[in-house]
Amino acid sequence: MTLKTRLIPCLDVMGGRVVKGVQFVDLRDAGDPVEAAMAYDAAGADELTFLDITASHEGRDTIFDVVARTAEHCFMPVTVGGGVRTIEDIRKLLLAGADKVAINSAAVNDPDFISRAADKFGNQCIVVSVDAKQRLTERVGGDNRSEWEIFTHGGRKPSGLDAVEFACRMVERGAGELLVTSMDRDGTKSGFDLKLTRAIADAVEVPVIASGGVGSLQDLVDGVTEGHASAVLAASIFHFGTFTIPQAKQYMREHGVAVRMDAA
Amino acid sequence: MSLVTIIDYGAGNLHSAAKAFERMAAVVGDITVEVTADPERVRQADRIMLPGVGAFADCKAGLDAVSGMVEALDEKVIRGGTPFLGVCVGMQLLASEGREKVVTPGLGWIPGAVQKITPSDPSLKIPHMGWNTISVTRPHALLAGIPDGPDGLHAYFVHSYHLVTDSDDTLLATTDYGGTVTACVGRDNIFGTQFHPEKSQALGLKLIENFLRWTP
């Protein structure tokens with residue numbers, strides 16, 4: 001018996017609708033995140049992540065409805081990220097049926113927020129999003145500083161924080177998991193930044209989810225074998241029907257990665 | 001119409017648990033699922049589910065803070081024999097004591113202590129988070145029809161501590177994570193799972209169905 005590597009499809013949601021098109025057959029409404037979630041659930045996804053990219057404050061409440069409706073149909077873990085800034089935001093998402101929340105800007109701006117959130121809800125539901133890029137800011141980081149820097153605002157704004165140091169500090173504060181996204185690779189389909197993923201995965205005790213850049217099934221395997229990730233997250237390759245979840249799992253299994261095949 | 005109460009003491013993914021129970025209540029039939037913080041409703045229950053996420057001491061404090069709840073549970077479950085299911089920290093609370101951060105007394109229904117998982121392989125991550133198979137050590141009605149072993153179905157775990165029972169008699173199923181980790185405990189009308197049935201797709205829904213049909 002072994003703990004299986006998790007394969008996590010990610011859905012970008014804006015104002016309660018899926019942003020990137022989801023090309024599944026048999027969906028009544030391809031723009032409905034809940035329909036997409038149900039399709040991923042039936043296909044054997046191990047978890048689901050909703051990333052709420054709604055810009056306006058008014059539109060944000062739609063995510064609670066999406067999560068609540070998903071919880072009625074999908075009996076697997078659901079993580080919600082995007083715009084999580086207060087204890088109240090977390091409480092509302094968990095009450096709606098989310099199992100974990102992914103926190104990005106608020107963790108950069110106020111590390112103490114992670115301590116408070118972990119104390120209140122438990123480390124297991126606090127995921128910190130580590131959005132990293134090749135460093136621009138030269139004069140930060142300690143003696144062991146890495147090649148990467150934390151960026152915010154979708155990779156546009158350098159924070160001056162060393163990525164590996166930040167990751168370690170977040171785990172000390174109580175993060176139960178890290179979602180490591182290479183902002184250099186995101187959307188490029190050229191594979192995860194394996195050096196980044198591995199540098200962080202080897203530095204922390206908690207599981208790391210590799211994210212950003214998946215273009216092929218081999219990329220998923222590499223994220224685990226080379227990047228030392230406990231889980232791999234991808235969006236476009238599944239949404240656009242390039243590959244299905246069972247195809248991805250089959251490939252991973254054939255290449256030595258232990259995955260769960262219950263749905264097969 | 002029989003009543004299943006899911007106890008609300010501020011520590012648990014109540015919505016998910018309620019939805020999974022409602023799904024299987026519709027399959028079994030003639031069952032109402034109610035999330036409640038009212039000990040009087042718990043006294044009316046035909047089955048009781050105790051969820052729980054977070055730290056042991058916080059959960060125990062949360063349960064103790066609901067006036068009359070521990071007394072109602074004791075009356076129903078220990079003296080009344082009502083079928084009981086504890087999940088995750090709701091299962092760990094059955095132990096004699098928890099040893100997470102501080103030593104905290106538990107309900108004491110399953111003699112044993114809640115201790116940190118110590119995988120033999122230092123590269124294994126803590127928490128033990130994700131899907132793992134289980135191995136049934138003592139056949140039980142709640143595990144009936146669930147394929148176990150390496151080729152069996154998977155359960156979703158997320159925890160850093162587990163309940164080490166004093167007696168093998170109360171250890172019903174295990175999983176492996178650099179060593180043996182407790183997956184299910186129980187005795188008489190009491191059952192507990194370290195994993196989350198409400199998040200474990202096929203395996204979890206089957207276990208919930210078995211619980212709803214269980215006549216210990």
# chains A, B, ... in the order shown; residues from 1 in each chain; ligands from 1

call {"tool": "closest_atom_pairs", "arguments": {"of": "chain A", "to": "chain B", "cutoff": "9 Å", "atoms": "only C-alpha atoms", "output": "CSV"}}
result
residue,atom,partner,partner_atom,distance
A:Met1,CA,B:Pro150,CA,5.1
A:Thr2,CA,B:Asn132,CA,6.1
A:Leu3,CA,B:Asn132,CA,4.8
A:Lys4,CA,B:Trp131,CA,5.6
A:Thr5,CA,B:Gly130,CA,7.7
A:Arg6,CA,B:Gly130,CA,6.9
A:Asp41,CA,B:Gln201,CA,8.6
A:Asp46,CA,B:Trp131,CA,7.7
A:Glu47,CA,B:Gly130,CA,8.9
A:Ala68,CA,B:His15,CA,7.9
A:Ala71,CA,B:Ser16,CA,5.7
A:Glu72,CA,B:Lys19,CA,5.4
A:His73,CA,B:Lys19,CA,8.0
A:Cys74,CA,B:Gln201,CA,7.8
A:Phe75,CA,B:Lys199,CA,4.6
A:Met76,CA,B:Lys199,CA,4.2
A:Pro77,CA,B:Lys199,CA,5.8
A:Leu94,CA,B:Asn13,CA,6.5
A:Leu95,CA,B:His15,CA,6.3
A:Ala96,CA,B:His15,CA,6.4
A:Gly97,CA,B:Ser16,CA,5.3
A:Ala98,CA,B:Asn13,CA,7.7
A:Asp99,CA,B:Asn13,CA,7.0
A:Ala118,CA,B:Gly54,CA,8.5
A:Asp119,CA,B:Gly54,CA,8.2
A:Lys120,CA,B:Gly54,CA,7.9
A:Phe121,CA,B:Gly54,CA,5.8
A:Gly122,CA,B:Gly54,CA,4.0
A:Asn123,CA,B:Gly54,CA,7.0
A:Gln124,CA,B:Val158,CA,6.7
A:Cys125,CA,B:Gly54,CA,8.5
A:Gly176,CA,B:Pro127,CA,7.1
A:Glu177,CA,B:Pro127,CA,8.5
A:Asp202,CA,B:Ser123,CA,8.4
A:Val204,CA,B:Lys125,CA,8.4
A:Glu205,CA,B:Lys125,CA,5.4
A:Val206,CA,B:Lys125,CA,5.3
A:Pro207,CA,B:Lys125,CA,5.7
A:Ser230,CA,B:Lys125,CA,8.3
A:Ala231,CA,B:Gly130,CA,8.9
A:Val259,CA,B:Trp131,CA,8.7
A:Arg260,CA,B:His154,CA,7.1
A:Met261,CA,B:Leu153,CA,8.4
A:Asp262,CA,B:Leu153,CA,5.8
A:Ala263,CA,B:Ala202,CA,8.5

call {"tool": "write_last_selection", "arguments": {"atoms": "N, CA and C atoms", "output": "short mmCIF file (atom, residue, chain, number, x, y, z; two decimals), in the first residue's frame"}}
result
data_model
loop_
_atom_site.label_atom_id
_atom_site.label_comp_id
_atom_site.auth_asym_id
_atom_site.auth_seq_id
_atom_site.Cartn_x
_atom_site.Cartn_y
_atom_site.Cartn_z
N MET A 1 0.85 -1.20 0.00
CA MET A 1 0.00 0.00 0.00
C MET A 1 0.88 1.24 0.00
N THR A 2 0.54 2.16 -0.84
CA THR A 2 1.28 3.41 -0.87
C THR A 2 0.30 4.56 -1.04
N LEU A 3 0.71 5.69 -0.55
CA LEU A 3 -0.06 6.90 -0.81
C LEU A 3 0.10 7.23 -2.29
N LYS A 4 -1.01 7.52 -2.95
CA LYS A 4 -0.96 7.73 -4.39
C LYS A 4 -0.69 9.20 -4.73
N THR A 5 -0.03 9.40 -5.85
CA THR A 5 0.17 10.75 -6.35
C THR A 5 -1.18 11.29 -6.82
N ARG A 6 -1.49 12.48 -6.40
CA ARG A 6 -2.79 13.06 -6.77
C ARG A 6 -2.72 13.83 -8.08
N ASP A 41 -15.01 14.51 -11.56
CA ASP A 41 -15.28 13.56 -10.48
C ASP A 41 -15.52 12.17 -11.07
N ASP A 46 -8.52 13.19 -8.50
CA ASP A 46 -8.29 12.92 -7.09
C ASP A 46 -8.70 14.07 -6.19
N GLU A 47 -8.71 15.26 -6.75
CA GLU A 47 -9.14 16.46 -6.04
C GLU A 47 -9.55 17.43 -7.13
N ALA A 68 -20.87 25.23 -3.03
CA ALA A 68 -21.98 24.54 -2.37
C ALA A 68 -22.64 23.54 -3.31
N ALA A 71 -20.38 20.52 -3.81
CA ALA A 71 -20.38 19.61 -2.65
C ALA A 71 -21.61 18.71 -2.63
N GLU A 72 -22.67 19.11 -3.33
CA GLU A 72 -23.85 18.25 -3.38
C GLU A 72 -23.64 17.05 -4.29
N HIS A 73 -22.71 17.18 -5.23
CA HIS A 73 -22.57 16.13 -6.24
C HIS A 73 -21.23 15.42 -6.23
N CYS A 74 -20.18 16.09 -5.74
CA CYS A 74 -18.84 15.52 -5.83
C CYS A 74 -18.32 15.19 -4.44
N PHE A 75 -18.02 13.91 -4.22
CA PHE A 75 -17.56 13.52 -2.90
C PHE A 75 -16.05 13.29 -2.94
N MET A 76 -15.34 14.38 -3.23
CA MET A 76 -13.88 14.37 -3.23
C MET A 76 -13.41 15.74 -2.73
N PRO A 77 -12.13 15.85 -2.39
CA PRO A 77 -11.65 17.10 -1.81
C PRO A 77 -11.66 18.26 -2.81
N LEU A 94 -15.31 27.20 3.71
CA LEU A 94 -15.37 25.88 4.35
C LEU A 94 -16.82 25.49 4.64
N LEU A 95 -17.60 26.47 5.08
CA LEU A 95 -19.01 26.18 5.35
C LEU A 95 -19.75 25.79 4.08
N ALA A 96 -19.34 26.39 2.96
CA ALA A 96 -19.99 26.08 1.68
C ALA A 96 -19.62 24.67 1.21
N GLY A 97 -18.52 24.12 1.75
CA GLY A 97 -18.18 22.76 1.37
C GLY A 97 -16.76 22.59 0.86
N ALA A 98 -15.97 23.67 0.85
CA ALA A 98 -14.55 23.53 0.47
C ALA A 98 -13.82 22.79 1.58
N ASP A 99 -12.78 22.05 1.21
CA ASP A 99 -11.97 21.37 2.20
C ASP A 99 -10.70 22.13 2.52
N ALA A 118 -4.35 28.95 10.28
CA ALA A 118 -4.02 27.56 10.63
C ALA A 118 -4.47 27.25 12.06
N ASP A 119 -4.31 28.22 12.96
CA ASP A 119 -4.76 28.00 14.33
C ASP A 119 -6.26 27.79 14.39
N LYS A 120 -6.97 28.56 13.58
CA LYS A 120 -8.43 28.53 13.65
C LYS A 120 -9.02 27.31 12.95
N PHE A 121 -8.48 26.97 11.78
CA PHE A 121 -9.13 25.92 10.97
C PHE A 121 -8.30 24.65 10.84
N GLY A 122 -7.08 24.66 11.36
CA GLY A 122 -6.21 23.49 11.23
C GLY A 122 -5.30 23.62 10.01
N ASN A 123 -4.08 23.13 10.16
CA ASN A 123 -3.10 23.21 9.06
C ASN A 123 -3.61 22.52 7.80
N GLN A 124 -4.40 21.45 8.00
CA GLN A 124 -4.78 20.61 6.86
C GLN A 124 -5.58 21.38 5.81
N CYS A 125 -6.19 22.49 6.18
CA CYS A 125 -7.00 23.17 5.17
C CYS A 125 -6.36 24.46 4.66
N GLY A 176 -0.40 23.66 5.49
CA GLY A 176 -0.42 22.21 5.46
C GLY A 176 -0.01 21.65 4.11
N GLU A 177 0.08 22.53 3.12
CA GLU A 177 0.41 22.13 1.76
C GLU A 177 0.83 23.37 1.00
N ASP A 202 11.91 19.53 -1.49
CA ASP A 202 12.96 18.95 -0.66
C ASP A 202 13.22 19.78 0.60
N VAL A 204 10.77 21.34 2.48
CA VAL A 204 9.66 21.37 3.44
C VAL A 204 9.16 19.97 3.75
N GLU A 205 8.49 19.87 4.91
CA GLU A 205 7.96 18.58 5.34
C GLU A 205 6.60 18.31 4.71
N VAL A 206 5.86 19.35 4.32
CA VAL A 206 4.48 19.18 3.86
C VAL A 206 4.45 18.85 2.36
N PRO A 207 3.31 18.32 1.87
CA PRO A 207 3.20 17.99 0.45
C PRO A 207 3.25 19.25 -0.43
N SER A 230 4.08 15.87 -4.55
CA SER A 230 3.14 14.86 -4.07
C SER A 230 1.87 14.86 -4.90
N ALA A 231 1.67 15.94 -5.65
CA ALA A 231 0.46 16.06 -6.46
C ALA A 231 0.80 16.94 -7.66
N VAL A 259 -0.70 5.72 -8.88
CA VAL A 259 -1.90 6.54 -8.92
C VAL A 259 -3.11 5.69 -8.56
N ARG A 260 -4.18 6.36 -8.23
CA ARG A 260 -5.43 5.70 -7.87
C ARG A 260 -6.25 5.47 -9.13
N MET A 261 -6.67 4.23 -9.36
CA MET A 261 -7.44 3.94 -10.57
C MET A 261 -8.84 3.43 -10.22
N ASP A 262 -9.40 3.88 -9.09
CA ASP A 262 -10.70 3.35 -8.64
C ASP A 262 -11.80 3.51 -9.69
N ALA A 263 -11.74 4.59 -10.44
CA ALA A 263 -12.84 4.88 -11.37
C ALA A 263 -12.75 4.03 -12.63
#

call {"tool": "select_by_dssp", "arguments": {"residues": "segment 16-159 of chain B", "states": "helix (DSSP H, G or I)", "output": "number ranges by chain"}}
result
B: 16-28, 39-44, 56-65, 69-79, 89-92, 141-143

call {"tool": "write_last_selection", "arguments": {"atoms": "C-alpha atoms", "output": "mmCIF file, in the first residue's frame"}}
result
data_model
loop_
_atom_site.group_PDB
_atom_site.id
_atom_site.type_symbol
_atom_site.label_atom_id
_atom_site.label_comp_id
_atom_site.auth_asym_id
_atom_site.auth_seq_id
_atom_site.Cartn_x
_atom_site.Cartn_y
_atom_site.Cartn_z
ATOM 1 C CA SER B 16 -19.921 17.982 2.753
ATOM 2 C CA ALA B 17 -20.720 15.412 5.414
ATOM 3 C CA ALA B 18 -24.426 16.258 5.337
ATOM 4 C CA LYS B 19 -24.554 16.031 1.529
ATOM 5 C CA ALA B 20 -22.870 12.626 1.468
ATOM 6 C CA PHE B 21 -25.211 11.332 4.171
ATOM 7 C CA GLU B 22 -28.238 12.756 2.354
ATOM 8 C CA ARG B 23 -27.119 11.048 -0.861
ATOM 9 C CA MET B 24 -26.961 7.653 0.818
ATOM 10 C CA ALA B 25 -30.061 8.282 2.963
ATOM 11 C CA ALA B 26 -31.968 8.614 -0.313
ATOM 12 C CA VAL B 27 -30.588 5.234 -1.388
ATOM 13 C CA VAL B 28 -31.441 3.498 1.888
ATOM 14 C CA PRO B 39 -28.229 17.822 22.664
ATOM 15 C CA GLU B 40 -31.995 17.252 22.750
ATOM 16 C CA ARG B 41 -32.000 16.469 19.012
ATOM 17 C CA VAL B 42 -29.073 14.105 19.579
ATOM 18 C CA ARG B 43 -31.195 12.348 22.221
ATOM 19 C CA GLN B 44 -33.862 11.802 19.546
ATOM 20 C CA PHE B 56 -7.410 17.426 18.981
ATOM 21 C CA ALA B 57 -7.409 19.872 21.886
ATOM 22 C CA ASP B 58 -9.387 22.496 19.942
ATOM 23 C CA CYS B 59 -11.978 19.929 18.886
ATOM 24 C CA LYS B 60 -12.339 18.582 22.411
ATOM 25 C CA ALA B 61 -12.724 22.111 23.758
ATOM 26 C CA GLY B 62 -15.306 22.822 21.054
ATOM 27 C CA LEU B 63 -17.303 19.709 21.937
ATOM 28 C CA ASP B 64 -17.110 20.457 25.662
ATOM 29 C CA ALA B 65 -18.302 23.998 24.983
ATOM 30 C CA MET B 69 -23.529 17.487 24.407
ATOM 31 C CA VAL B 70 -20.977 15.121 25.938
ATOM 32 C CA GLU B 71 -23.617 14.015 28.457
ATOM 33 C CA ALA B 72 -26.129 13.401 25.648
ATOM 34 C CA LEU B 73 -23.556 11.401 23.686
ATOM 35 C CA ASP B 74 -22.666 9.340 26.720
ATOM 36 C CA GLU B 75 -26.321 8.622 27.408
ATOM 37 C CA LYS B 76 -27.123 7.667 23.806
ATOM 38 C CA VAL B 77 -23.983 5.903 22.671
ATOM 39 C CA ILE B 78 -22.596 4.251 25.799
ATOM 40 C CA ARG B 79 -25.762 3.547 27.739
ATOM 41 C CA VAL B 89 -10.703 14.099 14.662
ATOM 42 C CA GLY B 90 -14.274 13.008 15.489
ATOM 43 C CA MET B 91 -12.800 9.501 15.577
ATOM 44 C CA GLN B 92 -9.657 10.519 17.433
ATOM 45 C CA ALA B 141 -20.414 -4.630 8.954
ATOM 46 C CA LEU B 142 -19.347 -1.078 8.017
ATOM 47 C CA LEU B 143 -16.516 -2.408 5.854
#

call {"tool": "closest_residue", "arguments": {"among": "A:Leu136, A:Thr54, A:Arg169, A:Leu233", "to": "Phe192 of chain A", "atoms": "only C-alpha atoms"}}
result
A:Leu233

call {"tool": "residues_around", "arguments": {"residues": "segment 58-63 of chain A", "least_positions_apart": "6", "cutoff": "9 Å", "atoms": "only C-alpha atoms", "output": "PyMOL selection string"}}
result
chain A and resi 13-17+50+52+80+83+93

call {"tool": "residues_around", "arguments": {"residues": "Leu217 of chain A", "least_positions_apart": "5", "cutoff": "8 Å", "atoms": "only C-alpha atoms", "output": "list in words"}}
result
Ala248, Tyr251 and Met252 of chain A

call {"tool": "write_last_selection", "arguments": {"atoms": "N, CA and C atoms", "output": "PDB file, in the first residue's frame"}}
result
ATOM      1  N   ALA A 248      -4.265  10.242 -18.534  1.00  0.00           N
ATOM      2  CA  ALA A 248      -3.139  10.770 -17.770  1.00  0.00           C
ATOM      3  C   ALA A 248      -2.710   9.790 -16.682  1.00  0.00           C
ATOM      4  N   TYR A 251      -0.959   6.752 -18.137  1.00  0.00           N
ATOM      5  CA  TYR A 251       0.414   7.079 -18.535  1.00  0.00           C
ATOM      6  C   TYR A 251       1.320   7.168 -17.304  1.00  0.00           C
ATOM      7  N   MET A 252       0.817   7.823 -16.274  1.00  0.00           N
ATOM      8  CA  MET A 252       1.619   7.971 -15.056  1.00  0.00           C
ATOM      9  C   MET A 252       1.941   6.602 -14.463  1.00  0.00           C
TER      10      MET A 252
END

call {"tool": "atom_distance", "arguments": {"atom1": "atom CA of Gly108 of chain B", "atom2": "atom CA of Ala95 of chain B"}}
result
4.9 Å

call {"tool": "select_by_dssp", "arguments": {"residues": "segment 141-170 of chain B", "states": "strand (DSSP E or B)", "output": "number ranges by chain"}}
result
B: 154-159, 161-165

call {"tool": "write_last_selection", "arguments": {"atoms": "C-alpha atoms", "output": "PDB file, in the first residue's frame"}}
result
ATOM      1  CA  HIS B 154      -8.914   4.092  -1.908  1.00  0.00           C
ATOM      2  CA  ALA B 155      -9.857   6.306   1.031  1.00  0.00           C
ATOM      3  CA  TYR B 156      -8.985   9.998   1.390  1.00  0.00           C
ATOM      4  CA  PHE B 157      -6.786  10.741   4.383  1.00  0.00           C
ATOM      5  CA  VAL B 158      -5.516  14.030   5.737  1.00  0.00           C
ATOM      6  CA  HIS B 159      -3.918  13.842   9.157  1.00  0.00           C
ATOM      7  CA  TYR B 161      -1.808  12.037  14.116  1.00  0.00           C
ATOM      8  CA  HIS B 162      -3.594   8.722  14.536  1.00  0.00           C
ATOM      9  CA  LEU B 163      -5.289   6.703  17.257  1.00  0.00           C
ATOM     10  CA  VAL B 164      -3.043   3.935  18.557  1.00  0.00           C
ATOM     11  CA  THR B 165      -5.412   1.532  20.312  1.00  0.00           C
TER      12      THR B 165
END

call {"tool": "residues_around", "arguments": {"residues": "Gln194 of chain B", "least_positions_apart": "2", "cutoff": "6 Å", "atoms": "only C-alpha atoms", "output": "list in words"}}
result
Val87, Cys88 and Ala183 of chain B

call {"tool": "write_last_selection", "arguments": {"atoms": "N, CA and C atoms", "output": "CSV table (one decimal), in the first residue's frame"}}
result
chain,number,residue,atom,x,y,z
B,87,VAL,N,-15.6,10.6,12.6
B,87,VAL,CA,-14.7,10.8,11.4
B,87,VAL,C,-13.6,11.7,11.7
B,88,CYS,N,-12.4,11.3,11.3
B,88,CYS,CA,-11.2,12.1,11.4
B,88,CYS,C,-10.9,12.5,12.9
B,183,ALA,N,-6.6,3.1,10.5
B,183,ALA,CA,-7.6,3.6,9.5
B,183,ALA,C,-9.0,3.6,10.1

call {"tool": "closest_residue", "arguments": {"among": "B:Ile117, B:Val102, B:Leu107, B:Val185", "to": "Arg138 of chain B", "atoms": "only C-alpha atoms"}}
result
B:Val185

call {"tool": "residues_around", "arguments": {"residues": "Asp193 of chain A", "least_positions_apart": "6", "cutoff": "12 Å", "atoms": "only C-alpha atoms", "output": "ChimeraX atom specification"}}
result
/A:131-134,147-148,180-186,199-200,210-214,219-220,222-224,226-229

call {"tool": "residues_around", "arguments": {"residues": "Phe211 of chain B", "least_positions_apart": "5", "cutoff": "9 Å", "atoms": "only C-alpha atoms", "output": "VMD selection string"}}
result
chain B and resid 47 83 to 85 141 to 142 191 206

call {"tool": "decode", "arguments": {"residues": "segment 33-45 of chain A", "atoms": "N, CA and C atoms", "output": "PDB file, in the first residue's frame"}}
result
ATOM      1  N   PRO A  33     -19.137  25.654 -13.826  1.00  0.00           N
ATOM      2  CA  PRO A  33     -18.059  24.960 -13.130  1.00  0.00           C
ATOM      3  C   PRO A  33     -18.516  23.671 -12.455  1.00  0.00           C
ATOM      4  N   VAL A  34     -19.775  23.636 -12.027  1.00  0.00           N
ATOM      5  CA  VAL A  34     -20.261  22.457 -11.326  1.00  0.00           C
ATOM      6  C   VAL A  34     -20.384  21.273 -12.289  1.00  0.00           C
ATOM      7  N   GLU A  35     -20.835  21.557 -13.518  1.00  0.00           N
ATOM      8  CA  GLU A  35     -20.909  20.502 -14.530  1.00  0.00           C
ATOM      9  C   GLU A  35     -19.513  19.954 -14.823  1.00  0.00           C
ATOM     10  N   ALA A  36     -18.553  20.865 -14.946  1.00  0.00           N
ATOM     11  CA  ALA A  36     -17.176  20.439 -15.210  1.00  0.00           C
ATOM     12  C   ALA A  36     -16.629  19.638 -14.029  1.00  0.00           C
ATOM     13  N   ALA A  37     -16.943  20.089 -12.817  1.00  0.00           N
ATOM     14  CA  ALA A  37     -16.492  19.381 -11.617  1.00  0.00           C
ATOM     15  C   ALA A  37     -17.043  17.963 -11.588  1.00  0.00           C
ATOM     16  N   MET A  38     -18.316  17.823 -11.938  1.00  0.00           N
ATOM     17  CA  MET A  38     -18.940  16.500 -11.927  1.00  0.00           C
ATOM     18  C   MET A  38     -18.293  15.583 -12.967  1.00  0.00           C
ATOM     19  N   ALA A  39     -17.940  16.149 -14.123  1.00  0.00           N
ATOM     20  CA  ALA A  39     -17.288  15.351 -15.164  1.00  0.00           C
ATOM     21  C   ALA A  39     -15.912  14.882 -14.687  1.00  0.00           C
ATOM     22  N   TYR A  40     -15.171  15.774 -14.023  1.00  0.00           N
ATOM     23  CA  TYR A  40     -13.857  15.395 -13.500  1.00  0.00           C
ATOM     24  C   TYR A  40     -13.997  14.348 -12.387  1.00  0.00           C
ATOM     25  N   ASP A  41     -15.009  14.507 -11.564  1.00  0.00           N
ATOM     26  CA  ASP A  41     -15.277  13.558 -10.480  1.00  0.00           C
ATOM     27  C   ASP A  41     -15.518  12.168 -11.065  1.00  0.00           C
ATOM     28  N   ALA A  42     -16.389  12.106 -12.070  1.00  0.00           N
ATOM     29  CA  ALA A  42     -16.716  10.815 -12.687  1.00  0.00           C
ATOM     30  C   ALA A  42     -15.503  10.212 -13.382  1.00  0.00           C
ATOM     31  N   ALA A  43     -14.601  11.059 -13.863  1.00  0.00           N
ATOM     32  CA  ALA A  43     -13.429  10.574 -14.590  1.00  0.00           C
ATOM     33  C   ALA A  43     -12.327  10.082 -13.657  1.00  0.00           C
ATOM     34  N   GLY A  44     -12.481  10.347 -12.356  1.00  0.00           N
ATOM     35  CA  GLY A  44     -11.491   9.830 -11.408  1.00  0.00           C
ATOM     36  C   GLY A  44     -10.437  10.837 -10.973  1.00  0.00           C
ATOM     37  N   ALA A  45     -10.744  12.127 -11.099  1.00  0.00           N
ATOM     38  CA  ALA A  45      -9.824  13.140 -10.561  1.00  0.00           C
ATOM     39  C   ALA A  45      -9.691  12.910  -9.056  1.00  0.00           C
TER      40      ALA A  45
END
